[in-house]
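K.L.:
Contents of work_9.cif (mmCIF, C-alpha atoms):
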data_my_file
#
loop_
_atom_site.label_atom_id
_atom_site.label_comp_id
_atom_site.auth_asym_id
_atom_site.auth_seq_id
_atom_site.Cartn_x
_atom_site.Cartn_y
_atom_site.Cartn_z
CA MET A 15 97.38 11.06 -8.18
CA THR A 16 96.00 8.20 -6.13
CA LEU A 17 97.74 5.21 -4.67
CA GLN A 18 97.00 2.02 -6.49
CA GLU A 19 96.23 -1.23 -4.77
CA PRO A 20 99.04 -3.82 -5.04
CA HIS A 21 98.52 -6.04 -8.05
CA GLN A 22 96.74 -9.24 -7.14
CA PRO A 23 96.93 -12.23 -9.50
CA PRO A 24 93.55 -13.44 -10.74
CA PRO A 25 92.12 -16.46 -8.89
CA VAL A 26 92.81 -19.88 -10.37
CA ARG A 27 89.58 -21.39 -11.65
CA LEU A 28 88.87 -25.03 -11.01
CA GLN A 29 87.62 -25.43 -14.55
CA GLY A 30 84.56 -27.60 -15.01
CA SER A 31 83.48 -29.24 -18.24
CA LEU A 32 79.77 -28.36 -17.90
CA ASP A 33 78.00 -25.02 -18.00
CA HIS A 34 76.46 -23.31 -14.98
CA GLU A 35 72.86 -24.20 -15.80
CA ARG A 36 73.80 -27.85 -16.25
CA TYR A 37 75.37 -27.94 -12.78
CA CYS A 38 72.25 -26.31 -11.32
CA ALA A 39 70.02 -28.86 -13.01
CA GLU A 40 72.23 -31.75 -11.94
CA LEU A 41 72.28 -30.54 -8.34
CA LEU A 42 68.50 -30.74 -8.27
CA ALA A 43 68.49 -34.11 -10.02
CA GLU A 44 71.16 -35.64 -7.78
CA THR A 45 69.34 -34.39 -4.68
CA GLY A 46 66.19 -36.02 -6.00
CA GLU A 47 68.02 -39.32 -6.46
CA PHE A 48 69.53 -39.06 -2.97
CA ARG A 49 66.07 -38.48 -1.52
CA ALA A 50 64.73 -41.47 -3.45
CA VAL A 51 67.35 -43.74 -1.86
CA LEU A 52 66.29 -42.57 1.60
CA ARG A 53 62.56 -43.18 1.13
CA GLY A 54 61.51 -46.22 3.13
CA ALA A 55 65.06 -46.80 4.41
CA ASP A 56 66.07 -47.26 8.04
CA LEU A 57 67.37 -43.78 8.82
CA SER A 58 69.04 -45.04 11.99
CA ALA A 59 71.31 -47.39 9.99
CA THR A 60 75.05 -46.75 10.24
CA VAL A 61 76.70 -45.47 7.05
CA PRO A 62 79.62 -47.90 6.43
CA THR A 63 81.76 -45.31 4.63
CA CYS A 64 81.06 -42.67 7.33
CA PRO A 65 80.75 -44.88 10.44
CA ASP A 66 80.19 -41.98 12.83
CA TRP A 67 76.95 -41.14 11.02
CA THR A 68 73.55 -42.69 10.65
CA LEU A 69 71.68 -42.33 7.38
CA ALA A 70 69.74 -39.45 8.95
CA ASP A 71 73.03 -37.78 9.94
CA LEU A 72 74.26 -38.13 6.36
CA ALA A 73 71.11 -36.46 5.06
CA ARG A 74 71.44 -33.59 7.53
CA HIS A 75 75.09 -33.14 6.57
CA LEU A 76 74.26 -32.93 2.88
CA GLY A 77 71.22 -30.72 3.30
CA GLY A 78 73.18 -28.44 5.64
CA ALA A 79 76.00 -28.17 3.09
CA HIS A 80 73.49 -27.18 0.40
CA ARG A 81 72.02 -24.43 2.58
CA TRP A 82 75.46 -23.19 3.65
CA ALA A 83 76.66 -22.91 0.05
CA GLY A 84 73.40 -21.25 -0.93
CA GLN A 85 73.83 -18.69 1.84
CA LEU A 86 77.36 -17.92 0.68
CA VAL A 87 76.08 -17.27 -2.84
CA ALA A 88 72.93 -15.40 -1.86
CA THR A 89 74.85 -12.99 0.40
CA ARG A 90 77.85 -12.67 -1.97
CA ALA A 91 80.01 -13.66 0.99
CA THR A 92 83.57 -12.34 1.08
CA ALA A 93 84.58 -14.68 3.91
CA GLY A 94 83.47 -18.01 5.27
CA ILE A 95 80.18 -18.25 7.15
CA ASP A 96 79.70 -20.23 10.35
CA PRO A 97 77.30 -23.04 9.35
CA ALA A 98 75.59 -22.70 12.72
CA THR A 99 74.37 -19.25 11.68
CA VAL A 100 72.68 -20.43 8.46
CA PRO A 101 68.89 -20.57 8.92
CA GLY A 102 67.57 -24.12 8.88
CA ALA A 103 70.97 -25.72 8.22
CA GLY A 104 70.75 -28.06 11.20
CA GLY A 105 67.83 -30.02 9.84
CA PRO A 106 64.02 -30.00 9.91
CA VAL A 107 62.09 -29.11 13.04
CA ASP A 108 60.06 -32.34 12.92
CA ASP A 109 62.01 -35.58 13.31
CA THR A 110 60.13 -37.56 10.66
CA PRO A 111 61.21 -39.06 7.35
CA GLU A 112 58.68 -36.87 5.55
CA ALA A 113 60.03 -33.70 7.14
CA LEU A 114 63.61 -34.68 6.32
CA ASP A 115 62.68 -35.33 2.69
CA ALA A 116 60.90 -31.99 2.35
CA TRP A 117 63.81 -30.18 4.04
CA LEU A 118 66.32 -31.71 1.62
CA ALA A 119 64.20 -30.69 -1.37
CA GLU A 120 63.68 -27.15 -0.11
CA GLY A 121 67.37 -26.62 0.64
CA ALA A 122 68.49 -27.75 -2.81
CA GLU A 123 65.83 -25.61 -4.49
CA ARG A 124 66.87 -22.51 -2.50
CA THR A 125 70.52 -23.06 -3.29
CA VAL A 126 69.87 -23.52 -7.00
CA ALA A 127 67.69 -20.40 -7.05
CA ALA A 128 70.58 -18.42 -5.52
CA LEU A 129 73.06 -19.92 -7.98
CA ARG A 130 70.88 -19.15 -10.99
CA GLU A 131 70.26 -15.59 -9.82
CA ALA A 132 73.99 -15.00 -9.28
CA GLY A 133 75.25 -16.61 -12.48
CA PRO A 134 78.61 -18.39 -12.68
CA ASP A 135 80.99 -15.42 -12.46
CA THR A 136 79.68 -13.48 -9.48
CA ALA A 137 82.36 -13.09 -6.82
CA VAL A 138 81.74 -15.36 -3.81
CA TRP A 139 84.15 -16.62 -1.16
CA SER A 140 85.30 -20.24 -1.34
CA TRP A 141 87.89 -22.34 0.46
CA ALA A 142 89.58 -23.03 -2.89
CA SER A 143 91.33 -20.68 -5.32
CA ASP A 144 88.19 -20.09 -7.38
CA HIS A 145 86.06 -17.38 -5.79
CA ARG A 146 82.98 -17.45 -8.00
CA ALA A 147 79.43 -18.65 -7.61
CA GLY A 148 80.11 -21.21 -10.34
CA PHE A 149 82.54 -22.99 -8.03
CA TRP A 150 79.69 -23.75 -5.64
CA ALA A 151 77.34 -25.04 -8.34
CA ARG A 152 79.94 -27.58 -9.36
CA ARG A 153 81.08 -28.41 -5.82
CA MET A 154 77.59 -29.02 -4.47
CA THR A 155 76.71 -31.19 -7.46
CA HIS A 156 79.69 -33.43 -6.79
CA GLU A 157 79.16 -33.36 -3.03
CA THR A 158 75.72 -34.79 -3.69
CA VAL A 159 77.03 -37.37 -6.17
CA VAL A 160 79.49 -38.75 -3.62
CA HIS A 161 77.09 -38.78 -0.69
CA ARG A 162 74.53 -40.55 -2.85
CA ALA A 163 77.12 -43.33 -3.00
CA ASP A 164 77.19 -43.38 0.81
CA ALA A 165 73.41 -43.67 0.93
CA ALA A 166 73.38 -46.40 -1.70
CA LEU A 167 76.02 -48.42 0.14
CA THR A 168 73.98 -48.14 3.33
CA THR A 169 70.70 -49.23 1.80
CA GLY A 170 71.89 -51.62 -0.91
CA ALA A 171 70.46 -49.40 -3.65
CA GLY A 172 72.02 -49.29 -7.09
CA TYR A 173 74.52 -46.54 -7.85
CA GLU A 174 75.38 -45.21 -11.29
CA VAL A 175 76.61 -41.76 -12.30
CA ALA A 176 76.16 -40.24 -15.75
CA THR A 177 79.39 -40.24 -17.78
CA GLU A 178 79.79 -36.45 -18.04
CA ILE A 179 79.14 -35.95 -14.32
CA ALA A 180 81.41 -38.76 -13.14
CA ALA A 181 84.27 -37.61 -15.38
CA ASP A 182 83.90 -34.01 -14.24
CA CYS A 183 83.81 -35.19 -10.62
CA ILE A 184 87.19 -36.90 -11.13
CA ASP A 185 88.52 -33.76 -12.84
CA GLU A 186 87.49 -31.64 -9.86
CA TRP A 187 89.05 -34.06 -7.38
CA LEU A 188 92.37 -33.89 -9.23
CA GLN A 189 92.19 -30.10 -9.55
CA VAL A 190 91.66 -29.74 -5.81
CA CYS A 191 94.49 -32.19 -5.07
CA ALA A 192 96.80 -30.09 -7.26
CA LEU A 193 96.13 -26.86 -5.34
CA PRO A 194 99.15 -25.58 -3.39
CA ALA A 195 96.95 -25.40 -0.29
CA ALA A 196 96.24 -29.12 -0.55
CA ALA A 197 99.94 -29.93 -0.82
CA GLU A 198 100.62 -27.81 2.26
CA ARG A 199 97.78 -29.38 4.22
CA TRP A 200 98.82 -32.94 3.36
CA THR A 201 102.60 -32.52 3.78
CA GLU A 202 102.84 -35.20 6.46
CA ARG A 203 101.07 -37.75 4.20
CA ALA A 204 103.42 -37.15 1.27
CA GLU A 205 106.46 -39.05 2.53
CA GLY A 206 107.55 -41.57 -0.11
CA LEU A 207 104.79 -40.58 -2.52
CA PHE A 208 106.49 -38.10 -4.84
CA GLY A 209 109.64 -38.88 -6.79
CA PRO A 210 111.11 -40.41 -9.97
CA GLY A 211 108.98 -43.02 -11.68
CA ARG A 212 105.85 -42.35 -9.64
CA THR A 213 102.98 -42.12 -12.11
CA LEU A 214 99.38 -43.37 -12.18
CA HIS A 215 96.88 -43.98 -14.93
CA LEU A 216 93.10 -44.03 -14.42
CA HIS A 217 91.21 -45.72 -17.26
CA ALA A 218 87.43 -45.96 -17.58
CA THR A 219 86.78 -49.15 -19.52
CA ASP A 220 83.10 -48.52 -20.31
CA VAL A 221 83.49 -45.14 -22.02
CA PRO A 222 84.23 -44.74 -25.76
CA PRO A 223 87.80 -43.53 -26.45
CA ALA A 224 86.42 -40.39 -28.11
CA LEU A 225 85.17 -39.18 -24.70
CA ASN A 226 88.69 -39.44 -23.24
CA ALA A 227 87.77 -40.74 -19.80
CA GLU A 228 91.40 -41.42 -18.89
CA TRP A 229 93.75 -39.54 -16.60
CA PHE A 230 97.52 -39.49 -16.15
CA LEU A 231 98.80 -38.48 -12.71
CA ASP A 232 102.42 -37.38 -12.60
CA LEU A 233 103.96 -37.50 -9.11
CA THR A 234 107.58 -37.32 -10.28
CA GLY A 235 107.98 -33.76 -8.96
CA ASP A 236 107.02 -32.42 -5.55
CA ARG A 237 103.28 -32.17 -6.23
CA LEU A 238 100.59 -33.49 -8.53
CA VAL A 239 100.51 -32.69 -12.23
CA HIS A 240 97.67 -34.31 -14.15
CA ARG A 241 96.04 -34.39 -17.55
CA ARG A 242 93.42 -36.31 -19.49
CA ALA A 243 95.54 -38.79 -21.43
CA HIS A 244 96.22 -42.43 -22.23
CA GLU A 245 99.83 -42.90 -21.11
CA LYS A 246 101.82 -45.76 -19.65
CA ALA A 247 102.33 -45.39 -15.90
CA ALA A 248 103.82 -47.24 -12.94
CA VAL A 249 100.33 -48.31 -11.87
CA ALA A 250 97.00 -48.33 -13.68
CA LEU A 251 93.51 -48.45 -12.19
CA ARG A 252 90.96 -49.77 -14.71
CA GLY A 253 87.23 -50.26 -14.47
CA PRO A 254 83.81 -48.76 -15.19
CA LEU A 255 83.76 -44.99 -14.72
CA THR A 256 81.37 -44.97 -11.77
CA ASP A 257 83.55 -47.56 -10.01
CA LEU A 258 86.72 -45.53 -10.69
CA LEU A 259 85.00 -42.55 -9.10
CA ALA A 260 84.00 -44.66 -6.10
CA VAL A 261 87.57 -45.92 -5.60
CA ILE A 262 89.01 -42.43 -5.88
CA TYR A 263 86.62 -41.17 -3.21
CA ARG A 264 87.25 -44.31 -1.14
CA ARG A 265 83.68 -45.52 -1.41
CA LEU A 266 84.91 -48.73 -3.06
CA PRO A 267 88.14 -50.52 -2.12
CA ALA A 268 90.86 -50.75 -4.76
CA ASP A 269 90.90 -54.53 -4.26
CA SER A 270 87.26 -54.79 -5.36
CA ASP A 271 86.59 -57.24 -8.18
CA ARG A 272 84.83 -54.38 -9.98
CA VAL A 273 88.15 -52.72 -10.82
CA GLU A 274 91.59 -53.91 -11.93
CA VAL A 275 94.97 -52.71 -10.66
CA LEU A 276 98.01 -53.26 -12.88
CA GLY A 277 101.53 -52.48 -11.71
CA ASP A 278 102.70 -50.79 -8.52
CA ARG A 279 99.75 -51.39 -6.20
CA PRO A 280 101.48 -49.85 -3.13
CA LEU A 281 101.86 -46.57 -5.07
CA LEU A 282 98.12 -46.50 -5.74
CA ASP A 283 97.39 -47.21 -2.09
CA ARG A 284 99.74 -44.41 -0.99
CA TRP A 285 98.06 -41.99 -3.40
CA LEU A 286 94.56 -42.87 -2.23
CA SER A 287 95.63 -42.42 1.38
CA TYR A 288 97.32 -39.10 0.60
CA ALA A 289 94.45 -37.61 -1.34
CA SER A 290 91.59 -38.54 0.97
CA PHE A 291 89.48 -35.61 2.12
CA ASP A 292 89.60 -36.17 5.87
#
Kindly transcribe the structure held in the file into structure tokens.
P.N.:
Amino acid sequence: MTLQEPHQPPPVRLQGSLDHERYCAELLAETGEFRAVLRGADLSATVPTCPDWTLADLARHLGGAHRWAGQLVATRATAGIDPATVPGAGGPVDDTPEALDAWLAEGAERTVAALREAGPDTAVWSWASDHRAGFWARRMTHETVVHRADAALTTGAGYEVATEIAADCIDEWLQVCALPAAAERWTERAEGLFGPGRTLHLHATDVPPALNAEWFLDLTGDRLVHRRAHEKAAVALRGPLTDLLAVIYRRLPADSDRVEVLGDRPLLDRWLSYASFD
């Protein structure tokens, strides 16, 4: 007779709506679009949504994140890795726009190669509850989507996100916000946010109803419960899907004329402040 390990509940998956190969392809495509925004731009310009960074800093952050995630997957990491130990994660050796562009491309390609080789269900450490390689394919795709917004805001470039990607990015954001660890981390921000009558509705106005690009956020308990649904709420945020995504990630202010707020505006402001990833 042997002693059995204590039963451990299975990890909670942050369920995405796309398959693993689609995330891998989108990560490459989004990195390509990010690189395109940088070409010919002033890399010393300050990023308005990340004012401590220049455009070059933003690129190094994103490229470093790609390489870090790729290293986690390639090594089947069972714990976090110090980013400083990841080869090449600090940026290219040569301080030229051409070297930065090539470094971004190479990092994304290496990460996608590691993700494709691993497949979605290989066990890999993550900071969330989902410890699979597939988590990192989705997370790095969305990381790139959001930082492309930063680059576009800095340079004045256009910014549009495909419907399926933008909707899945919002889904992921809500899933992360609903994690117990997030509630614990953000306890001090939660004062006055949760309680009776506190509900929000996000409504993409440029998406056909059949695609269900609407979300209901229920804050009437002590933490977030959410679902895709069209339901009356205390406050509604309405606008094109890409703009909803930008407001949620605080890349576009909620008082922008590109979106509409109906109802309890202070509740929306409190939620956006609570759920910011800083």
K.L.:
Measuring atom to atom with only C-alpha atoms, identify which of A:Gly172, A:Gly209, A:Gly253, A:Gly77 is nearest to A:Thr234.
P.N.:
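Closest candidate: A:Gly209.
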K.L.:
Write out as a list in words the residues lying within 9 Å of A:Ala250, counting all atoms listed in the file and excluding same-chain residues fewer than 5 positions away.
P.N.:
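Here the answer would be Thr213, Leu214, His215, Leu216, His217, Glu274, Val275, Leu276, Gly277, Asp278, Arg279 and Leu282 of chain A.
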K.L.:
Can you list, as a ChimeraX atom specification, the residues that the PyMOL selection byres ((chain A and resi 68) around 12) selects here?
P.N.:
/A:52,55-67,69-75,164-165,168-169
K.L.:
Atom CA of A:Trp187 to atom CA of A:Lys246: how many Å, to one decimal?
P.N.:
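Computed distance, atom CA of A:Trp187 to atom CA of A:Lys246, equals 21.2 Å.
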K.L.:
Applying 7 Å and only C-alpha atoms, which residues near stretch 28-43 of chain A remain after dropping the ones on its own chain fewer than 4 positions away? List them as an NGL selection string.
P.N.:
:A and (47 or 122-123 or 126 or 134 or 144 or 148 or 151-152 or 154-155 or 182 or 186 or 189)
K.L.:
How would the residues just picked look written out with C-alpha atoms as a short mmCIF file (atom, residue, chain, number, x, y, z; two decimals), in the coordinates of the input?
P.N.:
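The resulting file, selection.cif, is reproduced below:
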data_model
loop_
_atom_site.label_atom_id
_atom_site.label_comp_id
_atom_site.auth_asym_id
_atom_site.auth_seq_id
_atom_site.Cartn_x
_atom_site.Cartn_y
_atom_site.Cartn_z
CA GLU A 47 68.02 -39.32 -6.46
CA ALA A 122 68.49 -27.75 -2.81
CA GLU A 123 65.83 -25.61 -4.49
CA VAL A 126 69.87 -23.52 -7.00
CA PRO A 134 78.61 -18.39 -12.68
CA ASP A 144 88.19 -20.09 -7.38
CA GLY A 148 80.11 -21.21 -10.34
CA ALA A 151 77.34 -25.04 -8.34
CA ARG A 152 79.94 -27.58 -9.36
CA MET A 154 77.59 -29.02 -4.47
CA THR A 155 76.71 -31.19 -7.46
CA ASP A 182 83.90 -34.01 -14.24
CA GLU A 186 87.49 -31.64 -9.86
CA GLN A 189 92.19 -30.10 -9.55
#
K.L.:
So, counting only C-alpha atoms, which residue among A:Arg53, A:Val138, A:Leu114, A:Asp283 is closest to A:Gln85?
P.N.:
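Of the candidates, the smallest distance to A:Gln85 is held by A:Val138.
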K.L.:
Quick one: which residues end up in the PyMOL selection byres ((chain A and resi 92) around 10) for this structure, as number ranges by chain?
P.N.:
A: 86-87, 89-91, 93-95, 137-140, 145
K.L.:
Please measure the separation of atom CA of A:Gly46 and atom CA of A:His80, giving the value in Å to one decimal.
P.N.:
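Those two atoms sit 13.1 Å apart.
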K.L.:
Just how far from atom CA of A:Ile262 is atom CA of A:Leu225, in Å to one decimal?
P.N.:
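Going from atom CA of A:Leu225 over to atom CA of A:Ile262, I get 19.5 Å.
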K.L.:
Quick check on the file I pasted: which residues fall under the PyMOL selection byres ((chain A and resi 176) around 12)? Write them as a PDB file with C-alpha atoms, keeping the file's coordinate frame.
P.N.:
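Contents of part_32.pdb, freshly written:
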ATOM      1  CA  GLU A  40      72.230 -31.750 -11.940  1.00  0.00           C
ATOM      2  CA  ALA A  43      68.490 -34.110 -10.020  1.00  0.00           C
ATOM      3  CA  GLU A  44      71.160 -35.640  -7.780  1.00  0.00           C
ATOM      4  CA  HIS A 156      79.690 -33.430  -6.790  1.00  0.00           C
ATOM      5  CA  VAL A 159      77.030 -37.370  -6.170  1.00  0.00           C
ATOM      6  CA  TYR A 173      74.520 -46.540  -7.850  1.00  0.00           C
ATOM      7  CA  GLU A 174      75.380 -45.210 -11.290  1.00  0.00           C
ATOM      8  CA  VAL A 175      76.610 -41.760 -12.300  1.00  0.00           C
ATOM      9  CA  THR A 177      79.390 -40.240 -17.780  1.00  0.00           C
ATOM     10  CA  GLU A 178      79.790 -36.450 -18.040  1.00  0.00           C
ATOM     11  CA  ILE A 179      79.140 -35.950 -14.320  1.00  0.00           C
ATOM     12  CA  ALA A 180      81.410 -38.760 -13.140  1.00  0.00           C
ATOM     13  CA  ALA A 181      84.270 -37.610 -15.380  1.00  0.00           C
ATOM     14  CA  ASP A 182      83.900 -34.010 -14.240  1.00  0.00           C
ATOM     15  CA  CYS A 183      83.810 -35.190 -10.620  1.00  0.00           C
ATOM     16  CA  ASP A 220      83.100 -48.520 -20.310  1.00  0.00           C
ATOM     17  CA  VAL A 221      83.490 -45.140 -22.020  1.00  0.00           C
ATOM     18  CA  PRO A 254      83.810 -48.760 -15.190  1.00  0.00           C
ATOM     19  CA  LEU A 255      83.760 -44.990 -14.720  1.00  0.00           C
ATOM     20  CA  THR A 256      81.370 -44.970 -11.770  1.00  0.00           C
ATOM     21  CA  ASP A 257      83.550 -47.560 -10.010  1.00  0.00           C
ATOM     22  CA  LEU A 259      85.000 -42.550  -9.100  1.00  0.00           C
TER      23      LEU A 259
END
K.L.:
For A:Ala289, which residue out of A:Ala196, A:Ala227, A:Ala128, A:Ala116 is the nearest one, using all atoms listed in the file?
P.N.:
A:Ala196
K.L.:
Can you pull out the residues contacting A:Leu193? Cut-off 12 Å, using only C-alpha atoms, and skip same-chain residues under 5 positions away; I want them as a VMD selection string.
P.N.:
chain A and resid 25 to 28 141 to 144 186 to 188 198 to 200 237 to 240 289
K.L.:
Need the shell around A:Tyr263: protein/DNA/RNA residues with any atom at most 10 Å away, counting all atoms listed in the file. Skip same-chain ones fewer than 2 positions apart. Format as number ranges by chain?
P.N.:
A: 160, 163, 183-184, 187, 257-261, 265-267, 286, 289-291
K.L.:
With distances taken over only C-alpha atoms, which of A:Ala79, A:Val273, A:Val107, A:Ala147 is nearest to A:Thr219?
P.N.:
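Selected residue with least distance to A:Thr219: A:Val273.
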K.L.:
So that I can see what lies close to A:Gly102, please list as a list in words the residues with an atom at most 9 Å from it, counting only C-alpha atoms and leaving out residues fewer than 6 positions away in the same chain.
P.N.:
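Contacts, with the query itself left out: Gly78, Arg81, Trp117 and Gly121 of chain A.
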K.L.:
Kindly output stretch 123-145 of chain A as a PDB file, keeping the file's coordinate frame, after building N, CA and C atoms.
P.N.:
ATOM      1  N   GLU A 123      66.531 -26.575  -3.632  1.00  0.00           N
ATOM      2  CA  GLU A 123      65.830 -25.610  -4.490  1.00  0.00           C
ATOM      3  C   GLU A 123      66.258 -24.184  -4.165  1.00  0.00           C
ATOM      4  N   ARG A 124      66.420 -23.862  -2.883  1.00  0.00           N
ATOM      5  CA  ARG A 124      66.870 -22.510  -2.500  1.00  0.00           C
ATOM      6  C   ARG A 124      68.282 -22.246  -2.997  1.00  0.00           C
ATOM      7  N   THR A 125      69.135 -23.234  -2.860  1.00  0.00           N
ATOM      8  CA  THR A 125      70.520 -23.060  -3.290  1.00  0.00           C
ATOM      9  C   THR A 125      70.597 -22.864  -4.799  1.00  0.00           C
ATOM     10  N   VAL A 126      69.858 -23.666  -5.544  1.00  0.00           N
ATOM     11  CA  VAL A 126      69.870 -23.520  -7.000  1.00  0.00           C
ATOM     12  C   VAL A 126      69.281 -22.180  -7.415  1.00  0.00           C
ATOM     13  N   ALA A 127      68.252 -21.718  -6.732  1.00  0.00           N
ATOM     14  CA  ALA A 127      67.690 -20.400  -7.050  1.00  0.00           C
ATOM     15  C   ALA A 127      68.748 -19.308  -6.850  1.00  0.00           C
ATOM     16  N   ALA A 128      69.520 -19.411  -5.766  1.00  0.00           N
ATOM     17  CA  ALA A 128      70.580 -18.420  -5.520  1.00  0.00           C
ATOM     18  C   ALA A 128      71.667 -18.513  -6.574  1.00  0.00           C
ATOM     19  N   LEU A 129      72.034 -19.728  -6.966  1.00  0.00           N
ATOM     20  CA  LEU A 129      73.060 -19.920  -7.980  1.00  0.00           C
ATOM     21  C   LEU A 129      72.613 -19.380  -9.337  1.00  0.00           C
ATOM     22  N   ARG A 130      71.377 -19.634  -9.702  1.00  0.00           N
ATOM     23  CA  ARG A 130      70.880 -19.150 -10.990  1.00  0.00           C
ATOM     24  C   ARG A 130      70.779 -17.625 -10.995  1.00  0.00           C
ATOM     25  N   GLU A 131      70.368 -17.048  -9.886  1.00  0.00           N
ATOM     26  CA  GLU A 131      70.260 -15.590  -9.820  1.00  0.00           C
ATOM     27  C   GLU A 131      71.643 -14.939  -9.901  1.00  0.00           C
ATOM     28  N   ALA A 132      72.633 -15.568  -9.288  1.00  0.00           N
ATOM     29  CA  ALA A 132      73.990 -15.000  -9.280  1.00  0.00           C
ATOM     30  C   ALA A 132      74.690 -15.168 -10.618  1.00  0.00           C
ATOM     31  N   GLY A 133      74.472 -16.306 -11.282  1.00  0.00           N
ATOM     32  CA  GLY A 133      75.250 -16.610 -12.480  1.00  0.00           C
ATOM     33  C   GLY A 133      76.621 -17.137 -12.087  1.00  0.00           C
ATOM     34  N   PRO A 134      77.373 -17.692 -13.028  1.00  0.00           N
ATOM     35  CA  PRO A 134      78.610 -18.390 -12.680  1.00  0.00           C
ATOM     36  C   PRO A 134      79.764 -17.505 -12.232  1.00  0.00           C
ATOM     37  N   ASP A 135      79.791 -16.233 -12.664  1.00  0.00           N
ATOM     38  CA  ASP A 135      80.990 -15.420 -12.460  1.00  0.00           C
ATOM     39  C   ASP A 135      80.894 -14.405 -11.336  1.00  0.00           C
ATOM     40  N   THR A 136      79.802 -14.387 -10.614  1.00  0.00           N
ATOM     41  CA  THR A 136      79.680 -13.480  -9.480  1.00  0.00           C
ATOM     42  C   THR A 136      80.684 -13.862  -8.394  1.00  0.00           C
ATOM     43  N   ALA A 137      81.343 -12.849  -7.843  1.00  0.00           N
ATOM     44  CA  ALA A 137      82.360 -13.090  -6.820  1.00  0.00           C
ATOM     45  C   ALA A 137      81.722 -13.603  -5.529  1.00  0.00           C
ATOM     46  N   VAL A 138      82.205 -14.741  -5.051  1.00  0.00           N
ATOM     47  CA  VAL A 138      81.740 -15.360  -3.810  1.00  0.00           C
ATOM     48  C   VAL A 138      82.937 -16.052  -3.164  1.00  0.00           C
ATOM     49  N   TRP A 139      83.056 -15.944  -1.870  1.00  0.00           N
ATOM     50  CA  TRP A 139      84.150 -16.620  -1.160  1.00  0.00           C
ATOM     51  C   TRP A 139      84.061 -18.133  -1.360  1.00  0.00           C
ATOM     52  N   SER A 140      85.231 -18.780  -1.414  1.00  0.00           N
ATOM     53  CA  SER A 140      85.300 -20.240  -1.340  1.00  0.00           C
ATOM     54  C   SER A 140      86.594 -20.617  -0.633  1.00  0.00           C
ATOM     55  N   TRP A 141      86.675 -21.862  -0.195  1.00  0.00           N
ATOM     56  CA  TRP A 141      87.890 -22.340   0.460  1.00  0.00           C
ATOM     57  C   TRP A 141      88.969 -22.696  -0.551  1.00  0.00           C
ATOM     58  N   ALA A 142      88.631 -22.697  -1.836  1.00  0.00           N
ATOM     59  CA  ALA A 142      89.580 -23.030  -2.890  1.00  0.00           C
ATOM     60  C   ALA A 142      90.123 -21.733  -3.504  1.00  0.00           C
ATOM     61  N   SER A 143      90.755 -21.853  -4.660  1.00  0.00           N
ATOM     62  CA  SER A 143      91.330 -20.680  -5.320  1.00  0.00           C
ATOM     63  C   SER A 143      90.348 -19.999  -6.253  1.00  0.00           C
ATOM     64  N   ASP A 144      89.190 -20.591  -6.443  1.00  0.00           N
ATOM     65  CA  ASP A 144      88.190 -20.090  -7.380  1.00  0.00           C
ATOM     66  C   ASP A 144      87.068 -19.431  -6.593  1.00  0.00           C
ATOM     67  N   HIS A 145      87.027 -18.110  -6.606  1.00  0.00           N
ATOM     68  CA  HIS A 145      86.060 -17.380  -5.790  1.00  0.00           C
ATOM     69  C   HIS A 145      84.919 -16.858  -6.670  1.00  0.00           C
TER      70      HIS A 145
END
